[in-house]
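S.K.: Quick one: the structure is below, and I'll ask about it shortly.
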Amino acid sequence: MTTVTTQPNRTSALLPVSTHQAEVAGLMSRTEIRRRRLEDCLGLALAEDLTAPVPLPPFDNSAMDGYAVHAADVASATAESPVTLPVAEDVPAGRGDAPALRRGQAHRIMTGAPLSPGADAVIPVESTDGGVAEVAVFSTTEPGRHLRRAGEDVGVGDTVARAGDRLSPARLGVAAALGLAELPVHRRPRVLVLSTGSELTEPGDALEPGRIYESNGVMLAAAVLEAGGEPTRLRVVPDDVGEFRAAVEPRLGEVDLLLTSGGVSAGAYEVVKDALTDQGVRFHKIAMQPGMPQGAGRYRGVPVVTLPGNPVSALVSFEVFVRPALLAAAGFREVLRPRTSATLEGDALRSPAGRRQYRRGRYHFDTGSVRVLGAPGSHLLSAMAESNCLLEIPSETTAVEPGTQVTVWLLDGPQNNAVPSADGQ
Ligand SMILES: Nc1nc2c(c(=O)[nH]1)N[C@H]1C(S)=C(S)[C@@H](COP(=O)(O)OP(=O)(O)OC[C@H]3O[C@@H](n4cnc5c(N)ncnc54)[C@H](O)[C@@H]3O)O[C@H]1N2
Ligand code: MOO
């Protein structure tokens, strides 16, 4: 086993969170732009502003199944004394050659069909006898009623989406409605996700004494995917520098980022630190809890971020350092989680002096309050799994009392608010 042990540096000061954030943010550059078919664009960042080549709707059309009329021709219509008009044309959706509507006539028209020239209103079929040769109209109307005007949704040249917007189902729908088959998007940054630790066993395999199941790999790969990246998970690497290098080096040419977890603190078998120190990666202690030991840099020219192994530390560090950098590299304009101020419920919080603390919690969208879930320990992953937010406690704050305001990062929307709070509400 080739393990080099880095001596702990007892005197090093803790670096501010913002310093490491800037270091990680500066590692990756924006991926290149490609044109991709709409069906392959969901969740990607649009690379250029999208302006409309045509109006939407493209032409005046009917909003209802019924009859196109001149409103003035049915001005006296009532249920008791209907106005009867000859039906001169049938205009289903898709018919583009309907002649002009003459005064005193009606055209039977369907929803979405082009409005016959001259018509100024549509009477819904429910306000008529539904006649085919002639139609009895039971109610009056006014010009413009039940019509959809060309361009009232989008005008030619309007900007319908901006560079850096996430392509949602609705944005893809707009692009398709404008007749676009492809969009310019940024490629997902490719991220190699590697967990280290001789104690780790792949889920599904039998667990031997002293060993635990590997959870960071699948968790971080999922987080990468959610942050616009394309993850590839390597099998766990034991605490052996030779094995680490052998696993990583053949893959470096394929990726935009190497993301490791574990092996970066102060012990005797810190494989990531041992393999990458003096190889372009710098290791620091950050003024943060959890997530104190961190590393970042370039190995053989490839950006590397090394997260601590404790699962909560790994995921919180991902949120604080990696997610914004990855979203920026993937081309997104918005890279930060939504933040808000919430009223702390439950017990007072204690936070270490000189370290920014991130606690896990549940934000209640209806009341604007937040309750902490779980203790600070960075092995307490199930509380994080129940959480929908992080509470950010500034480094100079050592206590937060219930009823006072605290900053929260929203990790999830109210639609996933189904987990009950501690008091059963
Ligand atoms: N003497 C010191 N000890 C520790 C320090 C320190 O400053 N001085 N820092 C502590 C802090 S804070 C953290 S966080 C951890 C980080 O340690 P490493 O990044 O070196 O991670 P490991 O030692 O490899 O693992 C820590 C912990 O997490 C478990 N782990 C690791 N990888 C996974 C995985 N993929 N799936 C599930 N669990 C994993 C591992 O078994 C350990 O229990 O160091 C403290 N120690
Ligand atoms: O910083 Mo460690 O991440 O507290 O557990």
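Identifiers in this document derive from the order of the structure tokens: chains are assigned A, B, ..., residues are numbered from 1 separately in each chain, and ligands are numbered from 1 in order of occurrence.
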If we count only C-alpha atoms and set the cut-off at 7 Å, which residues sit around segment 37-52 of chain A, ignoring sequence neighbours fewer than 6 positions away in its own chain? Please answer as an NGL selection string.
M.R.: :A and (155-169 or 172 or 178 or 181-186 or 228 or 330-332)
S.K.: Pick out the residues sitting within 7 Å of segment 375-379 of chain A, and hand them over as a PDB file with C-alpha atoms, in the first residue's frame; count only C-alpha atoms, and ignore anything fewer than 6 positions along from it in its own chain.
M.R.:
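Output contents, as saved in part.pdb:
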```pdb
ATOM      1  CA  PRO A 290     -19.753  21.291   8.686  1.00  0.00           C
ATOM      2  CA  ASN A 310     -18.667  12.898   6.353  1.00  0.00           C
ATOM      3  CA  PRO A 311     -21.857  12.686   4.298  1.00  0.00           C
ATOM      4  CA  VAL A 312     -23.505  15.861   5.611  1.00  0.00           C
ATOM      5  CA  SER A 313     -20.219  17.748   5.213  1.00  0.00           C
ATOM      6  CA  ARG A 359     -27.786  23.638   9.995  1.00  0.00           C
TER       7      ARG A 359
END
```
S.K.: Show me which residues line ligand 2, defined as having an atom within 12 Å of a ligand atom where only C-alpha atoms and all ligand atoms count, and present them as a count of residues only.
M.R.: 44
S.K.: I want to know what sits within 10 Å of Pro189 of chain A, based on only C-alpha atoms, with residues of the same chain fewer than 4 positions away left out; could you give that as a count of residues only?
M.R.: 21
S.K.: Compile the contact shell of segment 116-133 of chain A as a PyMOL selection string: residues with an atom at most 7 Å away, counting only C-alpha atoms, same-chain residues fewer than 3 positions apart removed.
M.R.: chain A and resi 62+64-71+86-87+98-101+136-139+142-147
S.K.: Please identify all polymer residues within 10 Å of Leu373 of chain A, counting only C-alpha atoms, omitting same-chain residues fewer than 2 positions from it, and present them as a PyMOL selection string.
M.R.: chain A and resi 359-362+370-371+375-376+380+382-390+421-422
S.K.: Filtering to N, CA and C atoms, could you give me those residues as a compact mmCIF listing (two decimals), in the first residue's frame?
M.R.:
```txt
# COMPACT_ATOMS: atom_id res chain seq x y z
N ARG A 359 -26.96 24.68 9.38
CA ARG A 359 -27.79 23.64 10.00
C ARG A 359 -28.86 23.24 9.00
N ARG A 360 -29.37 22.05 9.19
CA ARG A 360 -30.40 21.56 8.30
C ARG A 360 -31.76 21.81 8.94
N GLY A 361 -32.77 22.11 8.15
CA GLY A 361 -34.06 22.41 8.75
C GLY A 361 -35.21 22.31 7.78
N ARG A 362 -36.37 22.57 8.35
CA ARG A 362 -37.59 22.57 7.54
C ARG A 362 -38.22 23.95 7.62
N VAL A 370 -38.93 28.51 10.54
CA VAL A 370 -38.03 27.40 10.26
C VAL A 370 -37.74 26.66 11.56
N ARG A 371 -37.63 25.35 11.44
CA ARG A 371 -37.30 24.51 12.60
C ARG A 371 -36.08 23.68 12.23
N ALA A 375 -29.09 17.27 15.08
CA ALA A 375 -27.98 17.94 15.75
C ALA A 375 -26.95 18.37 14.71
N PRO A 376 -25.90 19.12 15.13
CA PRO A 376 -24.92 19.60 14.15
C PRO A 376 -24.05 18.49 13.53
N LEU A 380 -25.05 12.92 10.48
CA LEU A 380 -26.50 12.74 10.67
C LEU A 380 -27.24 13.02 9.36
N SER A 382 -29.78 11.43 7.86
CA SER A 382 -31.23 11.28 7.68
C SER A 382 -31.94 12.59 7.98
N ALA A 383 -31.43 13.41 8.91
CA ALA A 383 -32.06 14.70 9.18
C ALA A 383 -31.92 15.61 7.97
N MET A 384 -30.79 15.50 7.28
CA MET A 384 -30.63 16.32 6.07
C MET A 384 -31.62 15.88 4.99
N ALA A 385 -31.86 14.56 4.96
CA ALA A 385 -32.79 14.05 3.94
C ALA A 385 -34.22 14.54 4.20
N GLU A 386 -34.55 14.84 5.45
CA GLU A 386 -35.89 15.35 5.79
C GLU A 386 -35.99 16.86 5.60
N SER A 387 -34.84 17.49 5.40
CA SER A 387 -34.81 18.96 5.39
C SER A 387 -35.17 19.52 4.03
N ASN A 388 -35.67 20.74 4.04
CA ASN A 388 -35.88 21.43 2.76
C ASN A 388 -35.11 22.74 2.72
N CYS A 389 -34.27 22.96 3.73
CA CYS A 389 -33.48 24.20 3.71
C CYS A 389 -32.22 24.04 4.55
N LEU A 390 -31.29 24.96 4.34
CA LEU A 390 -30.13 25.12 5.21
C LEU A 390 -30.29 26.44 5.95
N SER A 421 -43.78 18.64 10.57
CA SER A 421 -42.78 19.26 11.45
C SER A 421 -42.75 18.50 12.77
N ALA A 422 -41.78 18.85 13.62
CA ALA A 422 -41.56 18.08 14.85
C ALA A 422 -42.81 18.09 15.74
```
S.K.: Please return as a PyMOL selection string: the residues of segment 64-290 of chain A that backbone DSSP assigns to helix (DSSP H, G or I).
M.R.: chain A and resi 71-74+125-127+169-177+216-226+241-254+271-276
S.K.: So the first atom is atom CA of Ile109 of chain A and the second is atom CA of Val135 of chain A; what is the distance between them in Å, to one decimal place?
M.R.: 12.2 Å
S.K.: Between atom CA of Phe321 of chain A and atom CA of Thr19 of chain A, what is the distance in Å, rounded to a tenth?
M.R.: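 Answer for the atom CA of Phe321 of chain A to atom CA of Thr19 of chain A separation: 10.1 Å.
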S.K.: Here is a test: counting only C-alpha atoms and all ligand atoms, which residue of A:Ala296, A:Ala325, A:Val237, A:Val320 is nearest to ligand 1?
M.R.: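 The shortest atom-to-atom distance to ligand 1 comes from A:Val237.
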S.K.: Mind giving me the straight-line distance from atom CA of Lys273 of chain A to atom CA of Val218 of chain A in Å, one decimal?
M.R.: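 Rounded to one decimal, the two atoms are 21.9 Å apart.
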S.K.: As a PyMOL selection string, please: every residue in segment 299-382 of chain A that a backbone DSSP assignment puts in strand (DSSP E or B).
M.R.: chain A and resi 299+302-307+339-345+349-350+356-364+369-372
S.K.: Give me the residues near Gly179 of chain A as a PyMOL selection string, where near means some atom within 9 Å (using only C-alpha atoms) and where sequence neighbours in that chain fewer than 5 positions away do not count.
M.R.: chain A and resi 53-54+174
S.K.: Looking at A:Ala72, A:Gly197, A:Asp60, A:Val191, which one is nearest to Asp153 of chain A, with distances taken over only C-alpha atoms?
M.R.: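 Selected residue with least distance to Asp153 of chain A: A:Asp60.
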S.K.: Name the closest residue to ligand 1 among the candidates A:Arg333, A:Arg300, A:Arg251, A:Arg235; distances are taken between atoms, counting only C-alpha atoms and all ligand atoms.
M.R.: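 For ligand 1, the nearest of the candidates is A:Arg235.
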S.K.: Let me make sure I understand: among A:Ala353, A:Ala399, A:Pro324, A:Ser341, which one has the smallest atom-to-atom distance to Gln21 of chain A if we use only C-alpha atoms?
M.R.: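 Selected residue with least distance to Gln21 of chain A: A:Pro324.
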S.K.: Just checking: using only C-alpha atoms and all ligand atoms, which residue out of A:Ala206, A:Val236, A:Val406, A:Leu258 ends up closest to ligand 1?
M.R.: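 Ranked by minimum distance to ligand 1, first place goes to A:Val236.
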S.K.: Within 9 Å of Thr260 of chain A, counting only C-alpha atoms, which residues qualify if same-chain residues fewer than 5 places away don't, as a VMD selection string?
M.R.: chain A and resid 192 to 196 217 272 304 to 309
S.K.: Could the residues in this selection be saved with N, CA and C atoms as a PDB file, in the first residue's frame?
M.R.:
```
ATOM      1  N   LEU A 192     -16.520  13.740 -12.795  1.00  0.00           N
ATOM      2  CA  LEU A 192     -16.142  12.412 -12.320  1.00  0.00           C
ATOM      3  C   LEU A 192     -16.279  12.417 -10.799  1.00  0.00           C
ATOM      4  N   VAL A 193     -17.139  11.534 -10.282  1.00  0.00           N
ATOM      5  CA  VAL A 193     -17.436  11.506  -8.846  1.00  0.00           C
ATOM      6  C   VAL A 193     -16.739  10.288  -8.245  1.00  0.00           C
ATOM      7  N   LEU A 194     -15.907  10.558  -7.254  1.00  0.00           N
ATOM      8  CA  LEU A 194     -15.095   9.478  -6.698  1.00  0.00           C
ATOM      9  C   LEU A 194     -15.144   9.505  -5.175  1.00  0.00           C
ATOM     10  N   SER A 195     -15.525   8.379  -4.578  1.00  0.00           N
ATOM     11  CA  SER A 195     -15.520   8.259  -3.118  1.00  0.00           C
ATOM     12  C   SER A 195     -14.298   7.465  -2.711  1.00  0.00           C
ATOM     13  N   THR A 196     -13.650   7.924  -1.645  1.00  0.00           N
ATOM     14  CA  THR A 196     -12.474   7.213  -1.158  1.00  0.00           C
ATOM     15  C   THR A 196     -12.723   6.723   0.260  1.00  0.00           C
ATOM     16  N   GLY A 217     -21.197   8.709  -3.003  1.00  0.00           N
ATOM     17  CA  GLY A 217     -21.073   8.626  -4.457  1.00  0.00           C
ATOM     18  C   GLY A 217     -22.402   8.866  -5.145  1.00  0.00           C
ATOM     19  N   VAL A 272      -6.715  11.305  -0.559  1.00  0.00           N
ATOM     20  CA  VAL A 272      -6.873  12.380  -1.538  1.00  0.00           C
ATOM     21  C   VAL A 272      -5.813  13.453  -1.299  1.00  0.00           C
ATOM     22  N   VAL A 304     -10.256  20.215  -9.889  1.00  0.00           N
ATOM     23  CA  VAL A 304     -10.536  19.214  -8.852  1.00  0.00           C
ATOM     24  C   VAL A 304     -11.111  19.929  -7.640  1.00  0.00           C
ATOM     25  N   VAL A 305     -12.174  19.365  -7.081  1.00  0.00           N
ATOM     26  CA  VAL A 305     -12.664  19.824  -5.781  1.00  0.00           C
ATOM     27  C   VAL A 305     -12.727  18.600  -4.891  1.00  0.00           C
ATOM     28  N   THR A 306     -12.129  18.696  -3.724  1.00  0.00           N
ATOM     29  CA  THR A 306     -12.087  17.548  -2.822  1.00  0.00           C
ATOM     30  C   THR A 306     -12.940  17.879  -1.595  1.00  0.00           C
ATOM     31  N   LEU A 307     -14.029  17.136  -1.443  1.00  0.00           N
ATOM     32  CA  LEU A 307     -14.957  17.382  -0.337  1.00  0.00           C
ATOM     33  C   LEU A 307     -14.623  16.468   0.833  1.00  0.00           C
ATOM     34  N   PRO A 308     -14.973  16.885   2.044  1.00  0.00           N
ATOM     35  CA  PRO A 308     -14.773  16.005   3.196  1.00  0.00           C
ATOM     36  C   PRO A 308     -15.694  14.792   3.114  1.00  0.00           C
ATOM     37  N   GLY A 309     -15.312  13.734   3.820  1.00  0.00           N
ATOM     38  CA  GLY A 309     -16.024  12.462   3.682  1.00  0.00           C
ATOM     39  C   GLY A 309     -17.302  12.344   4.461  1.00  0.00           C
TER      40      GLY A 309
END
```
